[in-house]
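Asker: Input query-v3.txt, format and content: compact mmCIF, C-alpha atoms.
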```
# COMPACT_ATOMS: atom_id res chain seq x y z
CA MET A 13 -72.82 -87.09 -155.60
CA MET A 14 -74.29 -83.86 -154.26
CA LEU A 15 -72.87 -80.76 -155.89
CA ARG A 16 -71.62 -79.57 -152.50
CA ASP A 17 -69.68 -82.80 -151.99
CA VAL A 18 -68.18 -82.63 -155.48
CA PHE A 19 -66.94 -79.15 -154.61
CA ILE A 20 -65.47 -80.42 -151.30
CA LEU A 21 -63.78 -83.31 -153.10
CA PHE A 22 -62.28 -80.92 -155.63
CA LEU A 23 -60.98 -78.75 -152.77
CA VAL A 24 -59.39 -81.80 -151.14
CA VAL A 25 -57.47 -82.93 -154.23
CA ASN A 26 -56.39 -79.34 -154.90
CA GLY A 27 -55.28 -79.11 -151.27
CA TRP A 28 -53.14 -82.21 -151.65
CA ALA A 29 -51.65 -80.92 -154.89
CA PHE A 30 -50.77 -77.56 -153.37
CA ASN A 31 -49.19 -79.34 -150.41
CA VAL A 32 -46.40 -80.47 -152.74
CA ILE A 33 -45.87 -76.85 -153.76
CA ALA A 34 -45.94 -75.70 -150.13
CA MET A 35 -43.34 -78.27 -149.11
CA LYS A 36 -41.17 -77.21 -152.04
CA PHE A 37 -41.39 -73.63 -150.78
CA GLY A 38 -40.54 -74.78 -147.25
CA LEU A 39 -37.42 -76.58 -148.46
CA MET A 40 -36.10 -73.27 -149.78
CA GLU A 41 -35.60 -72.05 -146.20
CA LEU A 42 -35.66 -75.05 -143.84
CA PRO A 43 -33.82 -78.40 -143.77
CA PRO A 44 -36.15 -81.27 -144.75
CA LEU A 45 -35.86 -83.41 -141.61
CA PHE A 46 -36.25 -80.40 -139.34
CA MET A 47 -39.30 -79.23 -141.28
CA LEU A 48 -40.77 -82.72 -140.96
CA THR A 49 -40.15 -82.71 -137.21
CA LEU A 50 -42.03 -79.44 -136.85
CA ARG A 51 -44.94 -80.84 -138.84
CA PHE A 52 -45.15 -83.92 -136.61
CA ILE A 53 -45.06 -81.78 -133.47
CA ILE A 54 -47.96 -79.63 -134.68
CA VAL A 55 -50.12 -82.55 -135.82
CA ALA A 56 -49.50 -84.50 -132.61
CA ALA A 57 -50.26 -81.46 -130.42
CA VAL A 58 -53.60 -80.93 -132.16
CA LEU A 59 -54.80 -84.55 -132.43
CA VAL A 60 -53.31 -86.62 -129.60
CA PRO A 61 -55.17 -84.95 -126.67
CA PHE A 62 -58.56 -85.63 -128.30
CA ASN A 63 -57.96 -89.11 -129.75
CA PRO A 64 -56.95 -91.62 -127.06
CA ILE A 65 -55.59 -95.07 -127.90
CA LYS A 66 -55.13 -98.34 -126.03
CA TRP A 67 -51.79 -99.53 -124.70
CA HIS A 68 -51.73 -102.63 -126.91
CA GLN A 69 -51.85 -100.35 -129.98
CA VAL A 70 -48.60 -98.58 -129.09
CA PRO A 71 -46.17 -101.12 -130.68
CA LEU A 72 -48.11 -101.00 -133.95
CA LEU A 73 -48.09 -97.20 -133.97
CA ILE A 74 -44.34 -97.09 -133.28
CA LEU A 75 -43.77 -99.43 -136.23
CA LEU A 76 -46.00 -97.25 -138.44
CA ALA A 77 -44.18 -94.15 -137.19
CA PHE A 78 -41.04 -95.63 -138.71
CA THR A 79 -42.40 -97.03 -141.99
CA PHE A 80 -44.88 -94.26 -142.71
CA GLY A 81 -43.88 -91.28 -140.60
CA PHE A 82 -40.14 -91.60 -141.14
CA VAL A 83 -39.32 -93.75 -144.20
CA HIS A 84 -42.14 -92.35 -146.31
CA PHE A 85 -42.18 -88.72 -145.19
CA ALA A 86 -38.46 -88.19 -144.63
CA LEU A 87 -37.42 -89.71 -147.94
CA LEU A 88 -40.23 -87.82 -149.67
CA LEU A 89 -38.84 -84.49 -148.48
CA LEU A 90 -35.25 -85.50 -149.16
CA GLY A 91 -36.16 -86.65 -152.65
CA MET A 92 -38.03 -83.43 -153.34
CA ARG A 93 -34.79 -81.50 -152.92
CA TYR A 94 -33.49 -83.12 -156.11
CA THR A 95 -36.65 -83.21 -158.25
CA ASP A 96 -39.30 -80.78 -159.37
CA ALA A 97 -42.62 -80.74 -157.54
CA GLY A 98 -44.66 -82.27 -160.37
CA SER A 99 -42.35 -85.25 -160.87
CA ALA A 100 -42.21 -85.86 -157.11
CA ALA A 101 -46.00 -85.90 -156.88
CA VAL A 102 -46.21 -88.45 -159.69
CA LEU A 103 -43.37 -90.73 -158.58
CA VAL A 104 -44.63 -91.09 -155.02
CA GLN A 105 -47.92 -92.38 -156.44
CA MET A 106 -46.08 -95.62 -157.16
CA GLY A 107 -46.87 -96.58 -153.57
CA THR A 108 -50.26 -97.82 -154.81
CA PRO A 109 -49.01 -100.45 -157.30
CA MET A 110 -46.22 -101.39 -154.89
CA ALA A 111 -48.82 -102.09 -152.21
CA MET A 112 -50.80 -104.23 -154.63
CA VAL A 113 -47.73 -106.30 -155.52
CA LEU A 114 -46.78 -106.72 -151.86
CA ALA A 115 -50.33 -107.81 -151.06
CA ALA A 116 -50.11 -110.42 -153.81
CA VAL A 117 -46.80 -111.76 -152.47
CA LEU A 118 -47.33 -111.51 -148.70
CA LEU A 119 -51.11 -111.70 -148.30
CA LYS A 120 -51.75 -114.05 -151.23
CA GLU A 121 -54.19 -111.60 -152.83
CA PRO A 122 -54.15 -112.51 -156.52
CA LEU A 123 -53.64 -109.83 -159.14
CA SER A 124 -55.97 -109.91 -162.12
CA LEU A 125 -54.73 -109.42 -165.66
CA ARG A 126 -56.18 -105.92 -165.66
CA GLN A 127 -54.38 -105.07 -162.42
CA LEU A 128 -51.09 -106.41 -163.79
CA THR A 129 -51.60 -104.31 -166.90
CA GLY A 130 -52.15 -101.21 -164.79
CA VAL A 131 -49.10 -101.88 -162.62
CA SER A 132 -46.96 -102.52 -165.71
CA LEU A 133 -48.12 -99.30 -167.34
CA ALA A 134 -47.27 -97.36 -164.18
CA VAL A 135 -43.77 -98.89 -164.14
CA VAL A 136 -43.31 -97.93 -167.79
CA GLY A 137 -44.36 -94.41 -166.83
CA VAL A 138 -41.65 -94.25 -164.16
CA ILE A 139 -39.05 -95.39 -166.69
CA VAL A 140 -40.19 -92.75 -169.18
CA LEU A 141 -40.36 -90.06 -166.49
CA SER A 142 -36.82 -90.87 -165.34
CA GLY A 143 -35.58 -89.81 -168.78
CA SER A 144 -37.00 -86.31 -168.41
CA PRO A 145 -34.42 -83.49 -168.47
CA THR A 146 -36.03 -82.11 -165.29
CA LEU A 147 -34.66 -85.13 -163.36
CA SER A 148 -30.95 -84.46 -163.58
CA ALA A 149 -29.89 -86.70 -160.66
CA TRP A 150 -30.84 -90.37 -160.26
CA TYR A 151 -30.93 -90.28 -156.46
CA GLY A 152 -33.92 -87.93 -156.31
CA PRO A 153 -36.32 -90.37 -158.04
CA ALA A 154 -34.69 -93.26 -156.14
CA LEU A 155 -35.47 -91.62 -152.80
CA LEU A 156 -39.04 -90.95 -153.90
CA LEU A 157 -39.57 -94.57 -154.96
CA ILE A 158 -38.21 -95.81 -151.62
CA SER A 159 -40.55 -93.32 -149.97
CA ALA A 160 -43.43 -94.84 -151.94
CA SER A 161 -42.37 -98.31 -150.78
CA GLY A 162 -42.61 -97.09 -147.18
CA TRP A 163 -46.23 -96.18 -147.78
CA ALA A 164 -46.85 -99.55 -149.48
CA VAL A 165 -45.38 -101.49 -146.54
CA THR A 166 -47.48 -99.39 -144.17
CA ASN A 167 -50.64 -100.45 -145.96
CA ILE A 168 -49.74 -104.14 -145.60
CA ILE A 169 -49.04 -103.70 -141.88
CA VAL A 170 -52.28 -101.81 -141.28
CA LYS A 171 -54.31 -104.34 -143.22
CA ARG A 172 -53.09 -107.19 -141.00
CA ALA A 173 -53.53 -105.24 -137.76
CA SER A 174 -56.62 -104.34 -135.77
CA PRO A 175 -58.18 -101.07 -137.02
CA ILE A 176 -57.42 -97.72 -135.39
CA PRO A 177 -59.54 -94.59 -136.02
CA PRO A 178 -57.86 -92.50 -138.75
CA LEU A 179 -57.41 -89.30 -136.73
CA ALA A 180 -56.06 -91.22 -133.75
CA MET A 181 -53.64 -93.04 -136.02
CA THR A 182 -52.49 -89.79 -137.64
CA GLY A 183 -51.97 -88.04 -134.31
CA TRP A 184 -50.18 -90.81 -132.42
CA LEU A 185 -48.17 -91.87 -135.44
CA SER A 186 -46.94 -88.28 -135.67
CA LEU A 187 -46.07 -88.26 -131.96
CA PHE A 188 -44.02 -91.45 -132.17
CA ALA A 189 -42.33 -90.25 -135.37
CA ILE A 190 -40.95 -87.12 -133.69
CA PRO A 191 -37.88 -88.92 -132.24
CA PHE A 192 -37.07 -90.57 -135.60
CA ALA A 193 -37.20 -87.30 -137.52
CA GLY A 194 -35.79 -85.15 -134.71
CA VAL A 195 -32.72 -87.29 -134.00
CA SER A 196 -32.03 -87.66 -137.72
CA SER A 197 -32.20 -83.89 -138.09
CA LEU A 198 -29.77 -83.39 -135.21
CA LEU A 199 -27.31 -85.85 -136.75
CA ALA A 200 -27.54 -84.82 -140.39
CA GLU A 201 -28.52 -81.14 -140.39
CA HIS A 202 -27.09 -77.99 -138.87
CA HIS A 203 -28.18 -74.55 -137.61
CA GLN A 204 -31.84 -75.56 -137.31
CA ALA A 205 -32.72 -72.91 -134.73
CA THR A 206 -30.99 -70.16 -136.69
CA LEU A 207 -32.76 -71.14 -139.89
CA LEU A 208 -36.12 -71.35 -138.10
CA PHE A 209 -35.90 -67.82 -136.68
CA ALA A 210 -34.65 -66.51 -140.01
CA ALA A 211 -37.36 -68.28 -142.02
CA GLY A 212 -39.76 -66.16 -143.98
CA TRP A 213 -43.20 -66.97 -145.34
CA ARG A 214 -41.90 -69.82 -147.53
CA GLY A 215 -40.51 -71.81 -144.62
CA TRP A 216 -43.59 -71.33 -142.45
CA LEU A 217 -45.89 -72.08 -145.36
CA GLY A 218 -44.20 -75.46 -145.79
CA VAL A 219 -44.60 -76.33 -142.10
CA LEU A 220 -48.06 -74.93 -141.36
CA TYR A 221 -49.78 -75.89 -144.57
CA SER A 222 -48.52 -79.47 -144.50
CA ALA A 223 -49.70 -79.78 -140.88
CA PHE A 224 -53.05 -77.98 -141.01
CA GLY A 225 -53.99 -77.80 -144.68
CA SER A 226 -53.01 -81.35 -145.60
CA SER A 227 -52.85 -83.58 -142.53
CA LEU A 228 -55.78 -82.07 -140.62
CA CYS A 229 -58.20 -80.33 -143.00
CA ALA A 230 -57.83 -82.28 -146.26
CA TYR A 231 -57.71 -85.71 -144.66
CA SER A 232 -60.59 -84.99 -142.29
CA LEU A 233 -62.76 -84.03 -145.26
CA TRP A 234 -61.51 -87.08 -147.21
CA TYR A 235 -62.47 -89.50 -144.43
CA TRP A 236 -65.84 -87.76 -144.11
CA LEU A 237 -66.49 -88.28 -147.82
CA LEU A 238 -65.39 -91.94 -147.62
CA LYS A 239 -68.11 -92.52 -145.04
CA ARG A 240 -70.77 -91.00 -147.30
CA TYR A 241 -69.93 -92.56 -150.67
CA PRO A 242 -68.56 -95.84 -152.11
CA VAL A 243 -64.78 -96.06 -152.19
CA ASN A 244 -64.73 -96.84 -155.92
CA LEU A 245 -66.54 -93.54 -156.52
CA ILE A 246 -64.14 -91.47 -154.40
CA MET A 247 -60.71 -93.06 -154.92
CA PRO A 248 -60.21 -92.21 -158.63
CA TRP A 249 -60.52 -88.52 -157.75
CA SER A 250 -57.32 -88.80 -155.73
CA LEU A 251 -55.37 -89.28 -158.96
CA LEU A 252 -56.23 -85.69 -159.89
CA SER A 253 -53.78 -84.62 -157.21
CA PRO A 254 -50.49 -85.44 -159.03
CA ALA A 255 -51.90 -84.06 -162.28
CA LEU A 256 -52.82 -80.81 -160.53
CA ALA A 257 -49.41 -80.74 -158.82
CA VAL A 258 -47.72 -80.88 -162.22
CA VAL A 259 -49.83 -77.92 -163.40
CA MET A 260 -49.21 -75.97 -160.18
CA GLY A 261 -45.50 -76.65 -160.46
CA VAL A 262 -45.51 -75.06 -163.90
CA LEU A 263 -47.67 -72.07 -162.90
CA VAL A 264 -46.33 -71.35 -159.40
CA LEU A 265 -42.73 -72.59 -159.49
CA ASN A 266 -42.06 -72.03 -163.21
CA GLU A 267 -41.14 -75.70 -163.68
CA SER A 268 -40.78 -77.00 -167.23
CA LEU A 269 -43.27 -79.38 -168.79
CA ASP A 270 -41.31 -81.28 -171.42
CA PRO A 271 -42.96 -84.06 -173.50
CA THR A 272 -41.06 -86.83 -171.70
CA LYS A 273 -42.25 -85.67 -168.30
CA LEU A 274 -45.82 -85.30 -169.54
CA LEU A 275 -45.87 -88.76 -171.16
CA GLY A 276 -44.38 -90.43 -168.08
CA ALA A 277 -46.87 -88.72 -165.78
CA VAL A 278 -49.81 -89.76 -167.96
CA CYS A 279 -48.61 -93.39 -168.02
CA VAL A 280 -48.21 -93.51 -164.22
CA VAL A 281 -51.60 -91.94 -163.47
CA CYS A 282 -53.46 -94.01 -166.09
CA GLY A 283 -51.77 -97.23 -164.98
CA ILE A 284 -52.73 -96.66 -161.35
CA LEU A 285 -56.27 -95.70 -162.38
CA ILE A 286 -56.66 -98.96 -164.31
CA ALA A 287 -55.33 -100.96 -161.37
CA ILE A 288 -57.34 -99.36 -158.57
CA LEU A 289 -60.61 -99.27 -160.48
CA CYS A 290 -60.37 -103.01 -160.89
CA LYS A 291 -59.32 -103.46 -157.28
CA GLN A 292 -61.97 -101.19 -155.80
CA THR A 293 -64.86 -102.92 -157.53
CA ALA A 294 -63.72 -106.24 -156.14
CA SER A 295 -63.06 -105.08 -152.59
CA ARG A 296 -65.12 -104.02 -149.62
CA PRO A 297 -65.09 -100.25 -149.02
CA GLN A 298 -64.14 -100.54 -145.36
CA ASP A 299 -60.90 -102.31 -146.21
CA HIS A 300 -59.57 -99.22 -147.95
CA SER A 301 -60.71 -96.56 -145.54
CA ALA A 302 -59.16 -98.50 -142.64
CA GLY A 303 -56.00 -99.35 -144.52
CA ARG A 304 -54.83 -95.84 -145.27
CA PRO A 305 -53.69 -93.88 -142.23
CA GLU A 306 -52.98 -91.01 -144.61
CA ILE A 307 -52.82 -90.94 -148.35
CA SER A 308 -49.11 -90.20 -148.51
CA PRO A 309 -48.70 -89.55 -152.18
CA ARG A 310 -50.66 -86.40 -151.51
CA GLU A 311 -48.60 -85.49 -148.48
```
Written as structure tokens, that's how I'd like the structure from this file.
Answerer:
Amino acid sequence: MMLRDVFILFLVVNGWAFNVIAMKFGLMELPPLFMLTLRFIIVAAVLVPFNPIKWHQVPLLILLAFTFGFVHFALLLLGMRYTDAGSAAVLVQMGTPMAMVLAAVLLKEPLSLRQLTGVSLAVVGVIVLSGSPTLSAWYGPALLLISASGWAVTNIIVKRASPIPPLAMTGWLSLFAIPFAGVSSLLAEHHQATLLFAAGWRGWLGVLYSAFGSSLCAYSLWYWLLKRYPVNLIMPWSLLSPALAVVMGVLVLNESLDPTKLLGAVCVVCGILIAILCKQTASRPQDHSAGRPEISPRE
């Protein structure tokens, strides 16, 4: 890779890692579903006017707005309220092995012994991580794992559907997800307008960075790199994101880094790395770039 592109790739994975920190800051001042609604509004306003779609693609995008835009994103933010940023970034990575298992069951894509080993190691990592003192409530990790399953299901749906350009998918998916997140916020949360006007830099950082820094800038650069280099060269870099999020959580949010948390995180990241390296070398690059509307574990 060119040195310039290595630098861009490093910026992207750092951008994804900091997005977890930014969302954690945002949750200090804004309700999660309301913050998510604002993010979808901004992303849709920027992308939809410049990325038209066809009418027959609307049902697919509405379905993805639910599985990816709502189930994945909403439960991610809700789960982050009960976990530290580093653990959340690691747990949501389980969407990758979940997608591989679903593909084996639903799409009859066989899993090799090496892939099964990687998936098993990642599951062991989740079990170890769940014993960390930083995860005091079981429902936080549970919400994050369900969030990861929403991303996994999204990948299966996208793989079986006709391809949609990534930016068009991101924009229209965000547009159709606004009612899901907005209505849920109205039903489950209170005083949204008051909290919005009273929000300081933390609340606005969570909204604006997740919309512009992550959804628009980081993913645009990621898709650009995917077009220039083989997927199996680029994809392993994405696993730097949860590792960097753990470090940023310690440095920025003063989160603890106990041995159990560290061991669990290492097992999850290494297990996924083993699994995707095997998968990437056996797959065509275009399958992966078309099958990921966004890389939600870095959301």
Asker: Got a sec: who's within 10 Å of A:Pro153, counting only C-alpha atoms, leaving out chain neighbours fewer than 4 positions off, as number ranges by chain?
Answerer: A: 88, 91-92, 94-95, 99-100, 103-104, 138, 141-142, 147-149, 157-159
Asker: Using all atoms listed in the file, which residue out of A:Ile65, A:Met106, A:Leu155, A:Leu198 lies closest to A:Leu45?
Answerer: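 Of the candidates, the smallest distance to A:Leu45 is held by A:Leu198.
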Asker: Smallest atom-to-atom distance to A:Ala115: which of A:Leu269, A:Leu21, A:Ile169, A:Met260, using all atoms listed in the file?
Answerer: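 Nearest to A:Ala115: A:Ile169.
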Asker: Which residue, A:Phe22, A:Trp163, A:Tyr241, A:Phe30, has the smallest gap to A:Val259 when you use all atoms listed in the file?
Answerer: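 Residue with the minimum atom-to-atom distance to A:Val259: A:Phe30.
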Asker: To one decimal place in Å, what is the distance between atom CA of A:Gly98 and atom CA of A:Val136?
Answerer: 17.4 Å
Asker: Counting only C-alpha atoms, which residues come within 12 Å of (-46.2, -86.5, -170.5), with the point read in the file's coordinates, and could you list them as a ChimeraX atom specification?
Answerer: /A:98-99,102,137-138,140-144,255,258-259,268-282
Asker: For a quick check of understanding, using only C-alpha atoms, which of A:Ala160, A:Ile284, A:Ala77, A:Leu220 has the smallest distance to A:Ser132?
Answerer: A:Ile284
Asker: List the spatial neighbours of A:Leu50 as a PyMOL selection string - criterion: any atom at most 12 Å away, all atoms listed in the file, same-chain residues fewer than 5 positions off excluded.
Answerer: chain A and resi 38+42-45+55-57+186-187+189-191+193-194+197+204-205+208+215-224
Asker: Is there a way to get, as an MDAnalysis selection string, all residues within 7 Å of the point (-35.4, -69.0, -145.0) in file coordinates, counting only C-alpha atoms?
Answerer: chainID A and resid 40:42 207 210:212 215
Asker: One number please: atom CA of A:Phe78 to atom CA of A:Glu201, in Å, one decimal.
Answerer: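 Between atom CA of A:Phe78 and atom CA of A:Glu201 the gap is 19.2 Å.
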Asker: Have a look at A:Ser253, A:Thr166, A:Pro178, A:Gly152 and name the one nearest to A:Leu233; count all atoms listed in the file.
Answerer: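 Residue with the minimum atom-to-atom distance to A:Leu233: A:Pro178.
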Asker: For a quick check of understanding, using all atoms listed in the file, which of A:Val117, A:Pro122, A:Val165, A:Ile246 has the smallest distance to A:Leu75?
Answerer: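 The shortest atom-to-atom distance to A:Leu75 comes from A:Val165.
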Asker: How many Å separate atom CA of A:Cys229 from atom CA of A:Asn26?
Answerer: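 Interatomic distance here is 12.1 Å.
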Asker: So that I can see what lies close to A:Leu123, please list as a list in words the residues with an atom at most 9 Å from it, counting only C-alpha atoms and leaving out residues fewer than 6 positions away in the same chain.
Answerer: Met112, Val113, Ala115, Ala116 and Lys291 of chain A
Asker: Box for stretch 221-225 of chain A: with edges along x, y and z, all listed atoms inside and 5 Å added on each side, what are the centre and edge lengths in Å to one decimal, as lines of an AutoDock Vina configuration file?
Answerer:
```
center_x = -51.3
center_y = -77.8
center_z = -142.8
size_x = 15.5
size_y = 13.9
size_z = 13.8
```
Asker: A:Arg172: which residues within 10 Å, counting all atoms listed in the file, same-chain residues fewer than 3 positions away excluded, as a VMD selection string?
Answerer: chain A and resid 119 167 to 169 175 303
Asker: Take the residues from that selection and write them out as a tab-separated table (two decimals), keeping the file's coordinate frame, keeping C-alpha atoms.
Answerer:
```
chain	number	residue	atom	x	y	z
A	119	LEU	CA	-51.11	-111.70	-148.30
A	167	ASN	CA	-50.64	-100.45	-145.96
A	168	ILE	CA	-49.74	-104.14	-145.60
A	169	ILE	CA	-49.04	-103.70	-141.88
A	175	PRO	CA	-58.18	-101.07	-137.02
A	303	GLY	CA	-56.00	-99.35	-144.52
```
